[in-house]
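Trainee: Attaching a single structure in structure tokens format; questions to follow.
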Amino acid sequence: MSKTTSFYAKLIPVMLCFFAMGFVDLVGIASNYVKADLNLSDSQANIFPSLVFFWFLIFSVPTGILMNRIGRKKTVLLSLIVTFVSLLLPIFGDSYGLMLCSFSLLGIGNALMQTSLNPLLSNIISGDKLASSLTFGQFVKAIASFLAPYIAMWGATCAIPQFGLSWRVLFPIYMIVAIIAILWLSATPIEEEKPDKASGFVDCLKLLGNPFIILCFLGIMCHVGIDVGTNTTAPKILMERLGMTLDEASFATSLYFIFRTIGCFSGAIILQKVSSRLFFIISVICMLAAMVLLFVSDAQYVIYTAIALIGFGNSNVFSIVFSQALLSLPEKKNEISGLMIMGLFGGTVFPLLMGFASDAMGQDGAVGVMTVGVVYLLFYTLKIKH
């Protein structure tokens with residue numbers, strides 16, 4: 001087997017795992033269907049997506065420790081198994097308790113996967129190409145995120161009534177992909193560097209005392225906060241300023257995902273040619289320009305332009321910050337990965353702050369909170385090392 005063939009034989013199953021990582025985004029469309037099926041209130045239905053970020057807070061650092069003991073590949077396989085179980089449960093029904101259990105396992109599996117899969121990729125890709133490869137992985141992940149609503153809607157139209165699953169046909173389809181990923185990755189040999197010594201929970205948290213690591217951690221929090229905040233706020237801005245209905249305004253969320261996917265794909269190519277720092281600066285300037293546009297104009301085309309700029313600008317922030325953190329302490333990749341993924345808890349913190357701000361000032365208040373995150377990322381550009 002040639003070197004190139006061997007490289008792709010390892011890369012393709014890992015990228016299939018990135019696709020499986022995107023399964024977690026089905027929680028958005030699924031929670032809406034569960035709400036309708038069970039006649040839930042908003043507060044009851046909103047528990048489902050909030051669970052995802054909660055498990056990142058709990059499981060990310062312990063997963064980094066686990067990787068030191070059993071290895072990255074085995075940890076990814078464990079995450080896929082947990083994901084498989086989470087996708088199996090809804091086949092038996094969609095009661096509130098069953099779906100709560102399913103989404104909890106989906107969040108736990110995704111926390112395990114995001115913590116272990118990124119450093120596993122670093123065993124295949126050389127350091128100078130890591131950021132672009134992580135970005136391409138995010139592009140593959142986005143494909144699964146895109147497909148979930150369409151598969152659910154296809155099932156809900158009774159296109160295959162013999163299964164009797166309706167929108168829940170989404171779960172067995174993704175479950176089959178998870179099984180393929182488990183079998184393929186299991187059969188793929190990937191060499192991993194051995195950790196110098198086993199680390200404990202306190203040892204991991206101590207790494208936050210490293211000035212650059214804490215900057216990266218906060219950068220991840222801001223990235224996810226802007227991401228979740230835009231998904232939540234974009235339709236509300238259109239409804240508040242232009243009087244749109246929710247159905248009309250929901251295109252704003254689709255527009256964000258379209259440009260985020262375009263950004264991931266183009267970023268994987270651009271980062272092969274330009275430095276991470278230069279591309280990061282361009283990305284942050286796009287988001288800063290978007291925030292200014294949202295503050296100064298109520299025109300529909302301007303708001304749409306701003307949402308597109310946020311989607312493109314925010315698409316590569318995670319990959320660049322994550323790779324910067326890994327490259328800064330290569331001997332601590334497992335622990336660093338756990339800490340960075342714990343930063344996804346920003347997806348809970350930012351929307352909470354944005355909610356308080358919007359109650360007080362309208363959607364301009366929510367945009368103001370996101371702007372704070374963008375300004376921080378602008379400061380972070382001064383600290384990028386590679």
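Following the order of the structure tokens, first chain is A, next is B, and so on, with residues numbered from 1 inside each chain and ligands from 1 in the order they appear.
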List as a tab-separated table every residue of segment 30-148 of chain A that is in contact with segment 164-187 of chain A, defined as an atom at most 8 Å from one of its atoms (using only C-alpha atoms), together with the nearest atom pair and the distance in Å rounded to one decimal, sorted by chain and then rising number.
Mentor:
```
residue	atom	partner	partner_atom	distance
A:Tyr33	CA	A:Trp167	CA	7.6
A:Lys73	CA	A:Leu185	CA	7.9
A:Leu77	CA	A:Ile182	CA	6.0
A:Leu80	CA	A:Ala178	CA	6.3
A:Ile81	CA	A:Ile182	CA	7.4
A:Thr83	CA	A:Ala178	CA	7.4
A:Phe84	CA	A:Met175	CA	5.6
A:Leu87	CA	A:Phe171	CA	5.1
A:Leu88	CA	A:Pro172	CA	6.7
A:Pro90	CA	A:Arg168	CA	6.8
A:Ile91	CA	A:Arg168	CA	6.9
A:Ala148	CA	A:Leu170	CA	6.9
```
Trainee: Can you spit out the residues from that selection as a PDB file, in the first residue's frame, using C-alpha atoms?
Mentor:
```pdb
ATOM      1  CA  TYR A  33     -41.524  17.483  16.508  1.00  0.00           C
ATOM      2  CA  LYS A  73      -9.240   5.792  18.941  1.00  0.00           C
ATOM      3  CA  LEU A  77     -15.282   4.211  19.424  1.00  0.00           C
ATOM      4  CA  LEU A  80     -19.907   6.129  18.714  1.00  0.00           C
ATOM      5  CA  ILE A  81     -21.340   3.295  20.808  1.00  0.00           C
ATOM      6  CA  THR A  83     -24.348   7.641  20.095  1.00  0.00           C
ATOM      7  CA  PHE A  84     -25.648   4.364  18.645  1.00  0.00           C
ATOM      8  CA  LEU A  87     -30.289   6.720  18.257  1.00  0.00           C
ATOM      9  CA  LEU A  88     -31.733   3.282  19.013  1.00  0.00           C
ATOM     10  CA  PRO A  90     -36.477   6.601  19.770  1.00  0.00           C
ATOM     11  CA  ILE A  91     -37.310   3.650  17.519  1.00  0.00           C
ATOM     12  CA  ALA A 148     -31.353  16.038   9.553  1.00  0.00           C
TER      13      ALA A 148
END
```
Trainee: Can you write out as JSON lines which residues of segment 256-358 of chain A fall within 6 Å of segment 111-133 of chain A, alongside each residue's closest atom pair and its distance in Å to one decimal, counting only C-alpha atoms and ordering rows by chain and ascending residue number?
Mentor:
```
{"residue": "A:Ala268", "atom": "CA", "partner": "A:Ser132", "partner_atom": "CA", "distance": 4.3}
{"residue": "A:Leu271", "atom": "CA", "partner": "A:Ser132", "partner_atom": "CA", "distance": 5.2}
{"residue": "A:Ser319", "atom": "CA", "partner": "A:Ala131", "partner_atom": "CA", "distance": 5.5}
{"residue": "A:Ile320", "atom": "CA", "partner": "A:Ala131", "partner_atom": "CA", "distance": 5.4}
{"residue": "A:Ser323", "atom": "CA", "partner": "A:Ala131", "partner_atom": "CA", "distance": 5.5}
{"residue": "A:Ser337", "atom": "CA", "partner": "A:Thr115", "partner_atom": "CA", "distance": 5.4}
{"residue": "A:Gly338", "atom": "CA", "partner": "A:Thr115", "partner_atom": "CA", "distance": 5.3}
{"residue": "A:Ile341", "atom": "CA", "partner": "A:Thr115", "partner_atom": "CA", "distance": 5.8}
```
Trainee: Identify, on the basis of only C-alpha atoms, every residue whose closest approach to Ala142 of chain A does not exceed 10 Å; exclude the query and any residue fewer than 6 positions from it along the same chain; express the result as an MDAnalysis selection string.
Mentor: chainID A and resid 18:19 21:23 25 136 257:258 260:262 264:265
Trainee: Those same residues, written as a CSV table (one decimal), in the first residue's frame with all heavy atoms?
Mentor:
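Below is the file that was written, part_13.csv:
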```
chain,number,residue,atom,x,y,z
A,18,PHE,N,-16.6,12.4,11.8
A,18,PHE,CA,-17.0,13.8,11.9
A,18,PHE,C,-18.4,14.0,11.4
A,18,PHE,O,-19.2,14.8,11.9
A,18,PHE,CB,-16.1,14.7,11.0
A,18,PHE,CG,-14.9,15.2,11.7
A,18,PHE,CD1,-13.6,14.6,11.6
A,18,PHE,CD2,-14.9,16.3,12.5
A,18,PHE,CE1,-12.5,15.0,12.3
A,18,PHE,CE2,-13.8,16.8,13.2
A,18,PHE,CZ,-12.6,16.1,13.1
A,19,PHE,N,-18.8,13.2,10.4
A,19,PHE,CA,-20.2,13.2,10.0
A,19,PHE,C,-21.1,12.7,11.1
A,19,PHE,O,-22.2,13.3,11.3
A,19,PHE,CB,-20.4,12.2,8.8
A,19,PHE,CG,-21.8,12.2,8.2
A,19,PHE,CD1,-22.1,13.1,7.2
A,19,PHE,CD2,-22.7,11.3,8.6
A,19,PHE,CE1,-23.4,13.1,6.6
A,19,PHE,CE2,-24.0,11.3,8.0
A,19,PHE,CZ,-24.3,12.2,7.1
A,21,MET,N,-20.5,13.1,14.2
A,21,MET,CA,-20.5,14.2,15.2
A,21,MET,C,-21.6,15.2,14.9
A,21,MET,O,-22.2,15.8,15.8
A,21,MET,CB,-19.1,14.9,15.1
A,21,MET,CG,-19.0,16.0,16.2
A,21,MET,SD,-17.5,17.0,15.9
A,21,MET,CE,-16.2,15.8,16.2
A,22,GLY,N,-22.0,15.3,13.6
A,22,GLY,CA,-23.1,16.2,13.3
A,22,GLY,C,-24.5,15.7,13.7
A,22,GLY,O,-25.5,16.5,13.6
A,23,PHE,N,-24.6,14.5,14.1
A,23,PHE,CA,-25.9,13.9,14.5
A,23,PHE,C,-26.5,14.7,15.6
A,23,PHE,O,-27.7,14.8,15.8
A,23,PHE,CB,-25.8,12.5,14.9
A,23,PHE,CG,-25.4,11.5,13.9
A,23,PHE,CD1,-25.1,10.2,14.2
A,23,PHE,CD2,-25.3,11.9,12.5
A,23,PHE,CE1,-24.7,9.3,13.2
A,23,PHE,CE2,-24.9,11.0,11.5
A,23,PHE,CZ,-24.6,9.7,11.8
A,25,ASP,N,-26.9,17.7,16.0
A,25,ASP,CA,-27.7,18.9,15.6
A,25,ASP,C,-29.1,18.5,15.2
A,25,ASP,O,-29.9,19.4,15.0
A,25,ASP,CB,-27.0,19.6,14.4
A,25,ASP,CG,-25.7,20.3,14.8
A,25,ASP,OD1,-25.6,20.8,16.0
A,25,ASP,OD2,-24.8,20.4,14.0
A,136,PHE,N,-12.1,21.2,7.5
A,136,PHE,CA,-12.8,20.2,6.6
A,136,PHE,C,-13.7,19.3,7.3
A,136,PHE,O,-14.8,18.9,6.9
A,136,PHE,CB,-11.8,19.5,5.7
A,136,PHE,CG,-12.4,18.6,4.7
A,136,PHE,CD1,-13.0,19.2,3.5
A,136,PHE,CD2,-12.5,17.2,4.8
A,136,PHE,CE1,-13.6,18.4,2.6
A,136,PHE,CE2,-13.1,16.4,3.9
A,136,PHE,CZ,-13.6,17.0,2.7
A,257,PHE,N,-26.6,28.8,8.4
A,257,PHE,CA,-26.0,27.5,8.2
A,257,PHE,C,-25.4,27.4,6.7
A,257,PHE,O,-24.3,26.8,6.6
A,257,PHE,CB,-27.0,26.4,8.4
A,257,PHE,CG,-27.1,26.0,9.9
A,257,PHE,CD1,-28.3,26.2,10.6
A,257,PHE,CD2,-26.0,25.5,10.5
A,257,PHE,CE1,-28.4,25.8,11.9
A,257,PHE,CE2,-26.1,25.1,11.9
A,257,PHE,CZ,-27.3,25.3,12.5
A,258,ILE,N,-26.1,28.0,5.8
A,258,ILE,CA,-25.5,27.9,4.4
A,258,ILE,C,-24.2,28.6,4.3
A,258,ILE,O,-23.2,28.0,3.8
A,258,ILE,CB,-26.5,28.6,3.4
A,258,ILE,CG1,-27.8,27.8,3.2
A,258,ILE,CG2,-25.8,28.9,2.1
A,258,ILE,CD1,-28.9,28.5,2.5
A,260,ARG,N,-22.2,29.3,6.8
A,260,ARG,CA,-21.2,28.6,7.7
A,260,ARG,C,-20.6,27.4,7.0
A,260,ARG,O,-19.4,27.2,7.1
A,260,ARG,CB,-21.9,28.2,9.0
A,260,ARG,CG,-20.8,27.7,10.0
A,260,ARG,CD,-21.4,27.3,11.3
A,260,ARG,NE,-20.4,26.6,12.1
A,260,ARG,CZ,-20.6,26.0,13.2
A,260,ARG,NH1,-21.7,26.2,13.8
A,260,ARG,NH2,-19.6,25.4,13.8
A,261,THR,N,-21.4,26.7,6.3
A,261,THR,CA,-21.0,25.5,5.5
A,261,THR,C,-20.0,26.0,4.4
A,261,THR,O,-19.0,25.4,4.2
A,261,THR,CB,-22.1,24.7,4.9
A,261,THR,OG1,-23.0,24.4,6.0
A,261,THR,CG2,-21.7,23.5,4.2
A,262,ILE,N,-20.4,27.0,3.7
A,262,ILE,CA,-19.5,27.6,2.6
A,262,ILE,C,-18.2,28.0,3.2
A,262,ILE,O,-17.1,27.8,2.7
A,262,ILE,CB,-20.2,28.8,1.9
A,262,ILE,CG1,-21.4,28.3,1.1
A,262,ILE,CG2,-19.2,29.5,1.0
A,262,ILE,CD1,-22.2,29.5,0.6
A,264,CYS,N,-16.7,26.8,6.0
A,264,CYS,CA,-15.9,25.7,6.3
A,264,CYS,C,-15.2,25.1,5.1
A,264,CYS,O,-14.1,24.7,5.2
A,264,CYS,CB,-16.8,24.6,7.0
A,264,CYS,SG,-17.3,25.0,8.7
A,265,PHE,N,-16.0,24.9,4.0
A,265,PHE,CA,-15.4,24.3,2.8
A,265,PHE,C,-14.3,25.2,2.2
A,265,PHE,O,-13.2,24.7,1.9
A,265,PHE,CB,-16.5,24.1,1.8
A,265,PHE,CG,-16.0,23.4,0.5
A,265,PHE,CD1,-15.7,22.1,0.5
A,265,PHE,CD2,-15.8,24.2,-0.6
A,265,PHE,CE1,-15.3,21.5,-0.6
A,265,PHE,CE2,-15.4,23.5,-1.8
A,265,PHE,CZ,-15.1,22.2,-1.8
```
Trainee: Could you give me, as a list of chain:residue names, the residues within 7 Å of segment 50-61 of chain A, counting only C-alpha atoms and dropping anything in the same chain fewer than 3 positions from it?
Mentor: A:Asn46, A:Ile47, A:Gly64, A:Ile65, A:Ser104, A:Gly107, A:Ile108, A:Ala111, A:Leu112, A:Thr115, A:Phe201, A:Cys204, A:Glu335, A:Gly338, A:Leu339, A:Ile341, A:Met342, A:Leu344, A:Phe345, A:Gly347, A:Thr348
Trainee: With distances taken over only C-alpha atoms, which residue among A:Ala9, A:Leu89, A:Val296, A:Ala30 lies nearest Ala156 of chain A?
Mentor: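 So, comparing all the options, the nearest one is A:Ala30.
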Trainee: Considering only C-alpha atoms, can you say which of A:Leu378, A:Ser315, A:Met99, A:Phe139 comes closest to Leu278 of chain A?
Mentor: A:Leu378
